[in-house]
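S.K.: Data file final37.cif (mmCIF, C-alpha atoms) is appended below.
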```cif
data_entry
#
loop_
_atom_site.label_atom_id
_atom_site.label_comp_id
_atom_site.auth_asym_id
_atom_site.auth_seq_id
_atom_site.Cartn_x
_atom_site.Cartn_y
_atom_site.Cartn_z
CA MET R 1 0.00 0.00 0.00
CA ILE R 2 2.56 2.54 1.19
CA ALA R 3 4.94 1.37 -1.53
CA LYS R 4 2.26 2.05 -4.10
CA ILE R 5 1.65 5.62 -2.85
CA LEU R 6 5.39 6.27 -2.90
CA GLU R 7 5.50 4.92 -6.44
CA ASN R 8 2.74 7.31 -7.51
CA LEU R 9 4.41 10.27 -5.81
CA LYS R 10 7.64 9.48 -7.63
CA LEU R 11 5.76 9.43 -10.92
CA ILE R 12 4.20 12.83 -10.25
CA TRP R 13 7.56 14.27 -9.30
CA LYS R 14 9.05 12.97 -12.51
CA VAL R 15 6.31 14.64 -14.57
CA ILE R 16 6.84 17.95 -12.82
CA ARG R 17 10.60 17.81 -13.30
CA ARG R 18 10.46 16.82 -16.98
CA PRO R 19 10.89 19.81 -19.29
CA SER R 20 7.68 20.80 -21.00
CA VAL R 21 7.26 19.32 -24.49
CA HIS R 22 3.97 20.81 -25.55
CA TYR R 23 4.00 24.34 -24.11
CA SER R 24 6.57 27.03 -24.68
CA LEU R 25 8.45 28.54 -21.82
CA GLY R 26 6.83 31.88 -22.63
CA PHE R 27 3.36 30.44 -22.32
CA LEU R 28 4.17 28.83 -19.02
CA THR R 29 5.63 32.00 -17.59
CA LEU R 30 2.68 34.04 -18.75
CA GLY R 31 0.24 31.43 -17.47
CA GLY R 32 1.96 31.46 -14.09
CA PHE R 33 1.79 35.22 -14.07
CA VAL R 34 -1.93 35.29 -14.80
CA ALA R 35 -2.63 32.58 -12.24
CA GLY R 36 -0.61 34.59 -9.76
CA ILE R 37 -2.68 37.69 -10.40
CA ILE R 38 -5.91 35.75 -9.99
CA PHE R 39 -4.71 34.18 -6.78
CA TRP R 40 -3.33 37.47 -5.48
CA GLY R 41 -6.45 39.36 -6.44
CA GLY R 42 -8.63 36.73 -4.85
CA PHE R 43 -6.57 36.93 -1.71
CA ASN R 44 -6.87 40.68 -1.54
CA THR R 45 -10.57 40.58 -2.34
CA ALA R 46 -11.03 38.13 0.50
CA LEU R 47 -9.02 40.47 2.70
CA GLU R 48 -11.21 43.36 1.65
CA LEU R 49 -14.40 41.41 2.38
CA ALA R 50 -12.98 40.62 5.79
CA SER R 51 -12.62 44.36 6.38
CA THR R 52 -16.27 45.25 5.86
CA GLU R 53 -18.53 46.15 8.72
CA GLU R 54 -20.91 43.32 7.75
CA PHE R 55 -18.07 40.90 8.38
CA CYS R 56 -17.12 42.41 11.74
CA THR R 57 -20.68 42.49 12.97
CA SER R 58 -21.38 38.95 11.78
CA CYS R 59 -20.10 37.92 15.21
CA HIS R 60 -22.58 38.78 17.89
CA GLU R 61 -19.67 39.64 20.21
CA MET R 62 -18.94 42.62 17.97
CA GLU R 63 -22.54 43.31 16.92
CA SER R 64 -24.28 43.45 20.29
CA ASN R 65 -21.61 45.37 22.16
CA VAL R 66 -19.32 47.76 20.30
CA TYR R 67 -21.49 48.16 17.18
CA GLN R 68 -24.55 49.16 19.22
CA GLU R 69 -22.51 51.76 21.06
CA LEU R 70 -20.93 53.14 17.91
CA GLN R 71 -24.34 54.01 16.49
CA SER R 72 -24.98 56.88 18.88
CA THR R 73 -21.60 58.52 18.29
CA ILE R 74 -20.52 61.19 15.84
CA HIS R 75 -18.61 58.62 13.80
CA PHE R 76 -21.87 56.90 12.81
CA THR R 77 -24.13 59.84 11.95
CA ASN R 78 -23.20 63.48 11.67
CA ARG R 79 -24.09 66.57 9.70
CA SER R 80 -21.60 65.87 6.91
CA GLY R 81 -22.59 62.23 6.42
CA VAL R 82 -19.02 60.95 6.42
CA ARG R 83 -18.86 57.65 8.27
CA ALA R 84 -16.08 55.79 9.99
CA THR R 85 -16.49 52.02 9.79
CA CYS R 86 -14.82 49.46 12.04
CA SER R 87 -11.90 48.90 9.73
CA ASP R 88 -11.26 52.65 9.28
CA CYS R 89 -10.19 52.74 12.91
CA HIS R 90 -9.07 49.17 13.48
CA VAL R 91 -7.50 47.84 10.28
CA PRO R 92 -4.32 49.47 8.95
CA HIS R 93 -4.39 50.67 5.33
CA ASN R 94 -0.82 49.75 4.54
CA TRP R 95 -0.58 46.16 3.31
CA THR R 96 2.07 44.67 5.58
CA ASP R 97 0.46 46.17 8.67
CA LYS R 98 -2.87 44.90 7.45
CA ILE R 99 -1.57 41.35 7.16
CA ALA R 100 0.03 41.66 10.57
CA ARG R 101 -3.27 42.81 12.05
CA LYS R 102 -5.11 39.95 10.34
CA MET R 103 -2.67 37.45 11.84
CA GLN R 104 -3.30 38.99 15.24
CA ALA R 105 -7.01 38.73 14.53
CA SER R 106 -6.72 34.95 14.57
CA LYS R 107 -6.80 35.53 18.32
CA GLU R 108 -10.38 36.68 17.80
CA ILE R 109 -11.29 33.37 16.15
CA TRP R 110 -9.80 31.64 19.16
CA GLY R 111 -11.83 33.94 21.40
CA LYS R 112 -14.95 33.15 19.38
CA VAL R 113 -14.44 29.40 19.62
CA PHE R 114 -13.73 29.50 23.33
CA GLY R 115 -16.37 32.13 24.05
CA THR R 116 -14.02 34.55 25.82
CA ILE R 117 -16.54 37.38 25.47
CA ASN R 118 -19.74 35.63 24.44
CA THR R 119 -21.90 37.31 27.10
CA ARG R 120 -22.25 40.98 28.00
CA GLU R 121 -20.81 40.25 31.45
CA LYS R 122 -17.76 38.46 30.07
CA PHE R 123 -17.30 41.27 27.56
CA GLU R 124 -17.44 43.92 30.26
CA GLY R 125 -15.03 41.87 32.34
CA LYS R 126 -12.51 41.71 29.53
CA ARG R 127 -13.14 45.13 28.07
CA ARG R 128 -10.34 46.95 29.86
CA GLU R 129 -7.81 44.45 28.52
CA LEU R 130 -9.12 44.72 24.93
CA ALA R 131 -9.24 48.51 25.12
CA GLU R 132 -5.66 48.60 26.42
CA HIS R 133 -4.53 46.68 23.33
CA GLU R 134 -6.16 49.26 21.06
CA TRP R 135 -4.77 52.21 23.01
CA ALA R 136 -1.29 50.71 22.88
CA ARG R 137 -1.58 50.15 19.13
CA LEU R 138 -2.79 53.71 18.45
CA LYS R 139 -0.23 55.19 20.79
CA ALA R 140 2.56 53.28 19.04
CA ASN R 141 1.52 54.39 15.54
CA ASP R 142 0.79 57.99 16.61
CA SER R 143 -2.96 57.48 16.05
CA LEU R 144 -2.40 56.71 12.38
CA GLU R 145 -5.96 55.51 11.76
CA CYS R 146 -7.41 58.74 13.17
CA ARG R 147 -5.03 60.77 11.06
CA ASN R 148 -6.08 58.94 7.89
CA CYS R 149 -9.21 61.08 8.14
CA HIS R 150 -8.28 63.92 10.50
CA ASN R 151 -5.21 65.59 9.08
CA PHE R 152 -3.55 67.86 11.61
CA ASP R 153 -2.07 70.05 8.84
CA TYR R 154 -5.54 70.96 7.63
CA MET R 155 -7.17 71.61 11.01
CA ASP R 156 -8.51 75.15 11.12
CA PHE R 157 -8.12 76.13 14.76
CA THR R 158 -10.24 79.25 14.26
CA ARG R 159 -13.18 76.99 13.48
CA GLN R 160 -12.67 74.77 16.51
CA SER R 161 -14.03 75.40 19.97
CA LYS R 162 -11.71 77.29 22.29
CA ARG R 163 -10.75 74.31 24.41
CA ALA R 164 -10.20 72.16 21.32
CA SER R 165 -7.88 74.67 19.68
CA ALA R 166 -6.08 75.32 22.97
CA MET R 167 -5.27 71.62 23.25
CA HIS R 168 -4.53 71.00 19.59
CA SER R 169 -2.22 73.96 19.16
CA THR R 170 -0.13 72.97 22.19
CA SER R 171 0.20 69.35 23.31
CA LEU R 172 -0.83 67.92 19.94
CA ALA R 173 1.17 70.33 17.79
CA SER R 174 4.33 69.70 19.80
CA GLY R 175 3.94 65.95 19.40
CA GLU R 176 3.91 65.49 23.16
CA LYS R 177 0.48 63.87 22.94
CA THR R 178 -1.44 62.03 20.25
CA CYS R 179 -5.17 61.80 19.52
CA ILE R 180 -5.80 58.67 21.60
CA ASP R 181 -4.20 60.23 24.71
CA CYS R 182 -7.07 62.68 24.95
CA HIS R 183 -9.85 61.09 22.88
CA LYS R 184 -10.39 57.70 24.48
CA GLY R 185 -13.91 56.36 24.24
CA ILE R 186 -14.66 58.27 21.05
CA ALA R 187 -16.45 55.35 19.41
CA HIS R 188 -17.48 53.00 22.22
CA GLN R 189 -18.16 53.14 25.92
CA LEU R 190 -15.14 53.10 28.16
CA PRO R 191 -14.23 50.32 30.60
CA ASP R 192 -13.43 51.02 34.26
CA MET R 193 -10.76 53.69 33.90
CA ALA R 194 -9.29 53.55 37.40
CA GLY R 195 -5.54 54.05 37.09
CA VAL R 196 -5.50 55.04 33.41
CA GLU R 197 -3.27 58.06 32.86
CA GLY R 198 -5.29 61.23 32.65
CA PHE R 199 -8.37 59.86 34.42
CA MET Y 1 -68.09 67.68 69.86
CA LYS Y 2 -71.07 66.68 67.78
CA THR Y 3 -71.22 69.95 65.89
CA ARG Y 4 -67.53 69.52 65.10
CA ASN Y 5 -68.14 66.08 63.55
CA VAL Y 6 -71.03 67.34 61.50
CA LEU Y 7 -68.95 70.24 60.36
CA SER Y 8 -66.02 68.09 59.25
CA VAL Y 9 -68.35 65.76 57.33
CA PHE Y 10 -69.79 68.77 55.62
CA VAL Y 11 -66.36 70.13 54.73
CA LEU Y 12 -65.27 66.73 53.39
CA LEU Y 13 -68.38 66.42 51.27
CA SER Y 14 -68.03 69.87 49.78
CA LEU Y 15 -64.35 69.17 49.06
CA SER Y 16 -65.12 65.99 47.18
CA PHE Y 17 -67.84 67.79 45.23
CA SER Y 18 -65.49 70.51 44.16
CA ALA Y 19 -62.96 67.83 43.13
CA MET Y 20 -65.62 66.20 40.96
CA ALA Y 21 -66.40 69.52 39.38
CA GLU Y 22 -62.74 69.89 38.39
CA THR Y 23 -62.61 66.54 36.58
CA ALA Y 24 -65.14 67.84 34.05
CA PRO Y 25 -63.63 67.74 30.55
CA VAL Y 26 -61.46 70.67 29.59
CA PRO Y 27 -62.69 72.52 26.50
CA GLU Y 28 -60.99 71.34 23.33
CA ASP Y 29 -59.27 74.62 22.45
CA LYS Y 30 -57.77 74.96 25.93
CA VAL Y 31 -55.85 71.67 25.81
CA ALA Y 32 -53.22 73.06 23.53
CA THR Y 33 -50.94 75.08 25.71
CA LEU Y 34 -47.16 74.81 25.45
CA ARG Y 35 -47.68 72.09 22.90
CA LEU Y 36 -49.39 74.59 20.60
CA ALA Y 37 -51.52 71.90 18.99
CA PRO Y 38 -54.59 69.83 19.86
CA ILE Y 39 -53.86 66.70 21.85
CA ASP Y 40 -54.75 64.32 18.98
CA ILE Y 41 -52.48 66.04 16.45
CA GLU Y 42 -48.74 65.46 16.17
CA PRO Y 43 -47.26 68.92 15.60
CA THR Y 44 -44.04 69.39 13.63
CA PRO Y 45 -41.39 69.60 16.31
CA PRO Y 46 -39.53 72.90 16.55
CA ALA Y 47 -35.96 72.96 15.22
CA MET Y 48 -33.41 71.47 17.64
CA GLN Y 49 -31.62 74.13 19.66
CA LYS Y 50 -27.84 74.33 19.60
CA VAL Y 51 -25.94 73.86 22.82
CA ILE Y 52 -23.87 76.93 23.68
CA ASN Y 53 -20.23 75.99 23.15
CA SER Y 54 -18.55 79.33 23.78
CA ASP Y 55 -16.21 78.20 26.58
CA VAL Y 56 -16.92 81.57 28.25
CA LYS Y 57 -17.78 81.37 31.95
CA GLN Y 58 -21.28 82.62 32.81
CA VAL Y 59 -22.19 84.75 35.82
CA ARG Y 60 -23.80 82.84 38.68
CA ASN Y 61 -27.22 84.14 39.69
CA TYR Y 62 -26.56 83.58 43.40
CA PRO Y 63 -23.37 82.61 45.22
CA MET Y 64 -24.19 78.95 45.81
CA GLN Y 65 -25.48 78.30 42.30
CA PRO Y 66 -23.75 75.38 40.60
CA PRO Y 67 -22.05 77.07 37.64
CA ILE Y 68 -23.49 76.15 34.24
CA ILE Y 69 -21.36 74.30 31.70
CA PRO Y 70 -20.26 76.67 28.91
CA HIS Y 71 -19.57 73.89 26.39
CA ARG Y 72 -21.00 70.77 24.76
CA ILE Y 73 -20.86 67.51 26.68
CA ASP Y 74 -22.19 65.22 23.94
CA GLY Y 75 -21.20 61.62 24.51
CA TYR Y 76 -19.34 62.35 27.74
CA GLN Y 77 -19.59 59.19 29.80
CA ILE Y 78 -20.42 59.57 33.49
CA ASP Y 79 -21.10 56.25 35.17
CA LEU Y 80 -19.58 53.88 37.70
CA LYS Y 81 -16.73 53.06 35.33
CA VAL Y 82 -15.59 56.50 34.34
CA ASN Y 83 -16.27 60.20 34.79
CA LYS Y 84 -15.24 61.97 31.60
CA CYS Y 85 -15.61 65.46 33.15
CA MET Y 86 -12.84 64.67 35.58
CA GLN Y 87 -10.42 64.08 32.68
CA CYS Y 88 -10.11 67.89 32.66
CA HIS Y 89 -11.65 69.14 35.92
CA ALA Y 90 -9.95 66.87 38.49
CA ARG Y 91 -7.38 68.54 40.73
CA ASN Y 92 -4.45 66.77 39.14
CA SER Y 93 -5.70 67.34 35.56
CA THR Y 94 -6.06 71.10 35.60
CA GLY Y 95 -2.38 71.62 34.86
CA HIS Y 96 -2.64 70.34 31.33
CA SER Y 97 -6.30 71.19 30.70
CA GLN Y 98 -6.28 74.70 32.24
CA ALA Y 99 -9.92 74.00 33.13
CA PRO Y 100 -11.25 75.19 36.51
CA MET Y 101 -10.87 72.59 39.26
CA VAL Y 102 -14.15 71.28 40.72
CA SER Y 103 -14.92 73.13 43.95
CA VAL Y 104 -13.11 71.93 47.06
CA THR Y 105 -16.49 70.89 48.50
CA HIS Y 106 -16.45 68.07 45.95
CA TYR Y 107 -13.53 66.55 47.81
CA MET Y 108 -15.30 66.61 51.18
CA ASP Y 109 -17.59 64.06 52.79
CA ARG Y 110 -20.70 65.05 54.72
CA GLU Y 111 -18.68 65.52 57.92
CA ASN Y 112 -16.44 67.96 56.04
CA ASN Y 113 -13.46 65.61 56.11
CA PHE Y 114 -11.19 66.02 53.10
CA LEU Y 115 -10.92 63.13 50.66
CA ALA Y 116 -8.23 62.27 48.13
CA SER Y 117 -10.72 61.85 45.31
CA LEU Y 118 -14.18 62.97 44.31
CA SER Y 119 -16.82 62.42 46.99
CA PRO Y 120 -19.51 59.93 45.93
CA ARG Y 121 -22.22 62.47 46.71
CA ARG Y 122 -20.72 64.83 44.13
CA TYR Y 123 -19.93 62.19 41.51
CA TYR Y 124 -22.74 62.72 39.01
CA CYS Y 125 -21.84 66.15 37.61
CA THR Y 126 -24.96 66.60 35.53
CA GLN Y 127 -27.18 66.34 38.61
CA CYS Y 128 -26.25 69.96 39.31
CA HIS Y 129 -24.37 71.27 36.27
CA VAL Y 130 -25.97 71.61 32.87
CA SER Y 131 -25.16 72.99 29.44
CA GLN Y 132 -27.32 75.79 28.10
CA LEU Y 133 -29.34 76.07 24.93
CA ASP Y 134 -29.50 79.19 22.87
CA ALA Y 135 -33.29 79.15 23.20
CA LYS Y 136 -36.05 81.69 23.86
CA LEU Y 137 -37.70 81.42 27.29
CA LEU Y 138 -41.04 79.63 27.15
CA VAL Y 139 -42.36 81.45 30.21
CA GLU Y 140 -41.35 84.77 31.65
CA ASN Y 141 -38.74 84.63 34.40
CA ASP Y 142 -39.07 87.21 37.17
CA PHE Y 143 -35.99 86.19 39.12
CA VAL Y 144 -34.25 89.20 40.67
CA ASP Y 145 -30.55 89.18 41.48
CA VAL Y 146 -29.90 89.76 45.17
CA LYS Y 147 -27.71 92.76 44.29
CA GLU Y 148 -30.69 94.34 42.57
CA LEU Y 149 -32.86 93.59 45.56
CA MET Y 150 -30.50 95.35 47.92
CA LYS Y 151 -30.47 98.41 45.68
CA ASN Y 152 -34.23 98.46 45.23
CA PRO Y 153 -36.13 96.68 48.08
CA ALA Y 154 -39.49 97.49 46.47
CA LYS Y 155 -38.88 94.64 44.05
CA THR Y 156 -39.27 92.06 46.81
CA GLU Y 157 -43.04 92.02 46.55
CA HIS Y 158 -44.21 89.20 44.36
#
```
Can you give me the file's structure in the form of structure tokens?
M.R.:
Amino acid sequence: MIAKILENLKLIWKVIRRPSVHYSLGFLTLGGFVAGIIFWGGFNTALELASTEEFCTSCHEMESNVYQELQSTIHFTNRSGVRATCSDCHVPHNWTDKIARKMQASKEIWGKVFGTINTREKFEGKRRELAEHEWARLKANDSLECRNCHNFDYMDFTRQSKRASAMHSTSLASGEKTCIDCHKGIAHQLPDMAGVEGF
Amino acid sequence: MKTRNVLSVFVLLSLSFSAMAETAPVPEDKVATLRLAPIDIEPTPPAMQKVINSDVKQVRNYPMQPPIIPHRIDGYQIDLKVNKCMQCHARNSTGHSQAPMVSVTHYMDRENNFLASLSPRRYYCTQCHVSQLDAKLLVENDFVDVKELMKNPAKTEH
């Protein structure tokens, strides 16, 4: 039995190694190229699908907690009608970072399978830890996801409220602080903040 | 004694009669008051008023008045988990925020002992402090500032 399988494998290997008789090298290269594009495109399309809000909220853990809370905030409805979706704030735009984030997200599948946050109580219990991860990420990348939409260079301080412009023209302008230092809880409710810097 | 009993029965009876008289239906055109529409009609709601966001402190109408909030507080979370107001108004936050510190009374318990952090009885800011709308008064307000009263005591009568 095993000998037979080995025999077959050897045969396949031989076929693969043998130079092509019927197809030109050019055709093969081109074919490989096209196949590559299809595969690559499919991969990226899948990635893109996995970045839609429908995908995120397909898990009740995301739908019944954070998504519900998002809906009453300015990032869901506002006078200008520009919306921020989950991935705008949580998934990096740049490809390598995106892949890295998706690898990290396999932790979420694990969490789903083991039900780490499958009730409101469990979610609230774990919320501080999850929030800390997001704060750390945004702190480390200087609130990159916020800045994808809110560009400091184009902020018109004269059109901001006094306290907003006072903060933005000092601590933010000098780089001493970044968006997430001051704007925690902008999209969801906050966890118990005891001991968090600034609270 | 007897006359007293009879009297009280009489008073009670007349009271209940007058109460019955008051439950008589109110005329249709008098129902609409502040609503400005009959009770069975859904009027178009007036335009939403904007919250004053000037960041300019307002004068207090009497010394112990909780000062009003001169800015928007939309989405500011105040619950057991977090008090967003204290991100700027706590004693140790005012350095960076340059916001006024909450009054020292907020750090005292009911025996006037000083506490390290906000007293639970002062925790829910919006119980006493509110933002203001840029809206017309619905009813006339005849409040008189105590300074005015001292200048012109005649104003006391009302």
S.K.: Would you please work out which residue, of Y:Val104, Y:Met150, Y:Met64, Y:Met86, is nearest to chain R when using all atoms listed in the file?
M.R.: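 Going through Y:Val104, Y:Met150, Y:Met64, Y:Met86 one by one, the smallest distance to chain R is for Y:Met86.
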S.K.: For a quick test of understanding: name the residues of chain Y lying within 6 Å of chain R when counting all atoms listed in the file, and present them as JSON, numbers by chain.
M.R.: {"Y": [81, 82, 87]}
S.K.: If I put a ball of radius 12 Å at (-16.0, 36.7, 26.0) in the file's coordinates, which residues poke into it when counting all atoms listed in the file, written as a ChimeraX atom specification?
M.R.: /R:59-62,65,108-127,129-130
S.K.: Mind pulling up the distance from CA of Ala131 (chain R) to CA of Val102 (chain Y)?
M.R.: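 Calculated distance between CA of Val102 (chain Y) and CA of Ala131 (chain R) is 28.0 Å.
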S.K.: Since I can't run it myself right now, could you work out what the PyMOL selection byres ((chain Y and resi 44-51) around 8) selects here and report it as a list in words?
M.R.: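 Answer for the PyMOL selection byres ((chain Y and resi 44-51) around 8): Glu42, Pro43, Ile52, Asn53, His71, Arg72, Ser131, Gln132, Leu133, Asp134 and Ala135 of chain Y.
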S.K.: For this structure, which residues satisfy the selection - the PyMOL selection byres ((chain Y and resi 118) around 6) - when it is evaluated on the file as given? I want them as a PyMOL selection string.
M.R.: chain Y and resi 106-107+117+119
S.K.: On this structure, the PyMOL selection byres ((chain R and resi 145) around 8) would catch which residues? List them as a list in words, sorted by chain and number.
M.R.: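 Checked against the file, the PyMOL selection byres ((chain R and resi 145) around 8) matches Asp88, Cys89, His90, Val91, Pro92, Leu138, Ser143, Leu144, Cys146, Arg147, Asn148 and Cys149 of chain R.
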S.K.: Just to confirm, what's the straight-line distance from CA of Ser87 (chain R) to CA of Ser51 (chain R) in Å (one decimal)?
M.R.: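 CA of Ser51 (chain R) lies at a distance of 5.7 Å from CA of Ser87 (chain R).
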S.K.: How would you write as a PDB file with C-alpha atoms, in the frame of the given file the residues that get within 10 Å of (6.6, 58.0, 17.8) in the file's frame, counting all atoms listed in the file?
M.R.:
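Contents of point_19.pdb, freshly written:
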```
ATOM      1  CA  LYS R 139      -0.230  55.190  20.790  1.00  0.00           C
ATOM      2  CA  ALA R 140       2.560  53.280  19.040  1.00  0.00           C
ATOM      3  CA  ASN R 141       1.520  54.390  15.540  1.00  0.00           C
ATOM      4  CA  ASP R 142       0.790  57.990  16.610  1.00  0.00           C
ATOM      5  CA  SER R 143      -2.960  57.480  16.050  1.00  0.00           C
ATOM      6  CA  GLY R 175       3.940  65.950  19.400  1.00  0.00           C
ATOM      7  CA  GLU R 176       3.910  65.490  23.160  1.00  0.00           C
ATOM      8  CA  LYS R 177       0.480  63.870  22.940  1.00  0.00           C
ATOM      9  CA  THR R 178      -1.440  62.030  20.250  1.00  0.00           C
TER      10      THR R 178
END
```
S.K.: In Å to one decimal, how far is CA of Lys57 (chain Y) from CA of Pro70 (chain Y)?
M.R.: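 Going from CA of Pro70 (chain Y) over to CA of Lys57 (chain Y), I get 6.1 Å.
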S.K.: Which residues are near Met101 (chain Y)? Cut-off 12 Å, all atoms listed in the file, ignore same chain within fewer than 2 positions. Put them as a count of residues only.
M.R.: 21
S.K.: Could you tell me which of R:Arg128, R:Gly81, R:Asp97, R:Glu69 comes closest to Val196 (chain R) if we count only C-alpha atoms?
M.R.: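 Nearest to Val196 (chain R): R:Arg128.
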S.K.: Take the structure in the block and write a file for region 62-69 of chain Y, all heavy atoms, as a PDB file, in the first residue's frame.
M.R.:
```
ATOM      1  N   TYR Y  62     -26.657  83.455  41.948  1.00  0.00           N
ATOM      2  CA  TYR Y  62     -26.561  83.575  43.402  1.00  0.00           C
ATOM      3  C   TYR Y  62     -25.315  82.793  43.786  1.00  0.00           C
ATOM      4  O   TYR Y  62     -24.894  81.899  43.055  1.00  0.00           O
ATOM      5  CB  TYR Y  62     -27.830  83.060  44.099  1.00  0.00           C
ATOM      6  CG  TYR Y  62     -28.303  81.720  43.611  1.00  0.00           C
ATOM      7  CD1 TYR Y  62     -27.957  80.561  44.305  1.00  0.00           C
ATOM      8  CD2 TYR Y  62     -29.059  81.598  42.449  1.00  0.00           C
ATOM      9  CE1 TYR Y  62     -28.370  79.329  43.845  1.00  0.00           C
ATOM     10  CE2 TYR Y  62     -29.472  80.375  41.992  1.00  0.00           C
ATOM     11  CZ  TYR Y  62     -29.123  79.237  42.694  1.00  0.00           C
ATOM     12  OH  TYR Y  62     -29.520  78.015  42.239  1.00  0.00           O
ATOM     13  N   PRO Y  63     -24.717  83.130  44.937  1.00  0.00           N
ATOM     14  CA  PRO Y  63     -23.371  82.608  45.223  1.00  0.00           C
ATOM     15  C   PRO Y  63     -23.275  81.085  45.241  1.00  0.00           C
ATOM     16  O   PRO Y  63     -22.268  80.527  44.819  1.00  0.00           O
ATOM     17  CB  PRO Y  63     -23.068  83.167  46.610  1.00  0.00           C
ATOM     18  CG  PRO Y  63     -23.952  84.345  46.758  1.00  0.00           C
ATOM     19  CD  PRO Y  63     -25.180  84.067  45.961  1.00  0.00           C
ATOM     20  N   MET Y  64     -24.311  80.398  45.712  1.00  0.00           N
ATOM     21  CA  MET Y  64     -24.193  78.945  45.813  1.00  0.00           C
ATOM     22  C   MET Y  64     -24.747  78.228  44.588  1.00  0.00           C
ATOM     23  O   MET Y  64     -24.933  77.025  44.606  1.00  0.00           O
ATOM     24  CB  MET Y  64     -24.828  78.432  47.105  1.00  0.00           C
ATOM     25  CG  MET Y  64     -26.223  78.868  47.408  1.00  0.00           C
ATOM     26  SD  MET Y  64     -26.348  80.625  47.687  1.00  0.00           S
ATOM     27  CE  MET Y  64     -27.968  80.747  48.382  1.00  0.00           C
ATOM     28  N   GLN Y  65     -24.986  78.947  43.521  1.00  0.00           N
ATOM     29  CA  GLN Y  65     -25.482  78.303  42.297  1.00  0.00           C
ATOM     30  C   GLN Y  65     -24.388  77.419  41.690  1.00  0.00           C
ATOM     31  O   GLN Y  65     -23.256  77.847  41.544  1.00  0.00           O
ATOM     32  CB  GLN Y  65     -25.881  79.350  41.260  1.00  0.00           C
ATOM     33  CG  GLN Y  65     -26.395  78.716  39.978  1.00  0.00           C
ATOM     34  CD  GLN Y  65     -26.329  79.652  38.775  1.00  0.00           C
ATOM     35  OE1 GLN Y  65     -26.474  80.853  38.900  1.00  0.00           O
ATOM     36  NE2 GLN Y  65     -26.099  79.070  37.613  1.00  0.00           N
ATOM     37  N   PRO Y  66     -24.722  76.182  41.331  1.00  0.00           N
ATOM     38  CA  PRO Y  66     -23.748  75.379  40.598  1.00  0.00           C
ATOM     39  C   PRO Y  66     -23.507  76.049  39.246  1.00  0.00           C
ATOM     40  O   PRO Y  66     -24.462  76.316  38.531  1.00  0.00           O
ATOM     41  CB  PRO Y  66     -24.446  74.033  40.408  1.00  0.00           C
ATOM     42  CG  PRO Y  66     -25.612  74.054  41.340  1.00  0.00           C
ATOM     43  CD  PRO Y  66     -25.994  75.479  41.526  1.00  0.00           C
ATOM     44  N   PRO Y  67     -22.266  76.375  38.910  1.00  0.00           N
ATOM     45  CA  PRO Y  67     -22.052  77.065  37.638  1.00  0.00           C
ATOM     46  C   PRO Y  67     -22.534  76.214  36.459  1.00  0.00           C
ATOM     47  O   PRO Y  67     -22.466  74.994  36.508  1.00  0.00           O
ATOM     48  CB  PRO Y  67     -20.538  77.265  37.583  1.00  0.00           C
ATOM     49  CG  PRO Y  67     -19.976  76.343  38.593  1.00  0.00           C
ATOM     50  CD  PRO Y  67     -21.025  76.131  39.632  1.00  0.00           C
ATOM     51  N   ILE Y  68     -23.029  76.898  35.408  1.00  0.00           N
ATOM     52  CA  ILE Y  68     -23.487  76.151  34.245  1.00  0.00           C
ATOM     53  C   ILE Y  68     -22.280  75.793  33.368  1.00  0.00           C
ATOM     54  O   ILE Y  68     -21.229  76.407  33.459  1.00  0.00           O
ATOM     55  CB  ILE Y  68     -24.548  76.929  33.445  1.00  0.00           C
ATOM     56  CG1 ILE Y  68     -23.943  78.219  32.909  1.00  0.00           C
ATOM     57  CG2 ILE Y  68     -25.779  77.197  34.269  1.00  0.00           C
ATOM     58  CD1 ILE Y  68     -24.048  78.320  31.434  1.00  0.00           C
ATOM     59  N   ILE Y  69     -22.460  74.780  32.543  1.00  0.00           N
ATOM     60  CA  ILE Y  69     -21.364  74.299  31.695  1.00  0.00           C
ATOM     61  C   ILE Y  69     -21.343  75.118  30.408  1.00  0.00           C
ATOM     62  O   ILE Y  69     -22.327  75.116  29.675  1.00  0.00           O
ATOM     63  CB  ILE Y  69     -21.561  72.808  31.342  1.00  0.00           C
ATOM     64  CG1 ILE Y  69     -21.776  71.983  32.605  1.00  0.00           C
ATOM     65  CG2 ILE Y  69     -20.387  72.283  30.540  1.00  0.00           C
ATOM     66  CD1 ILE Y  69     -22.174  70.539  32.337  1.00  0.00           C
TER      67      ILE Y  69
END
```
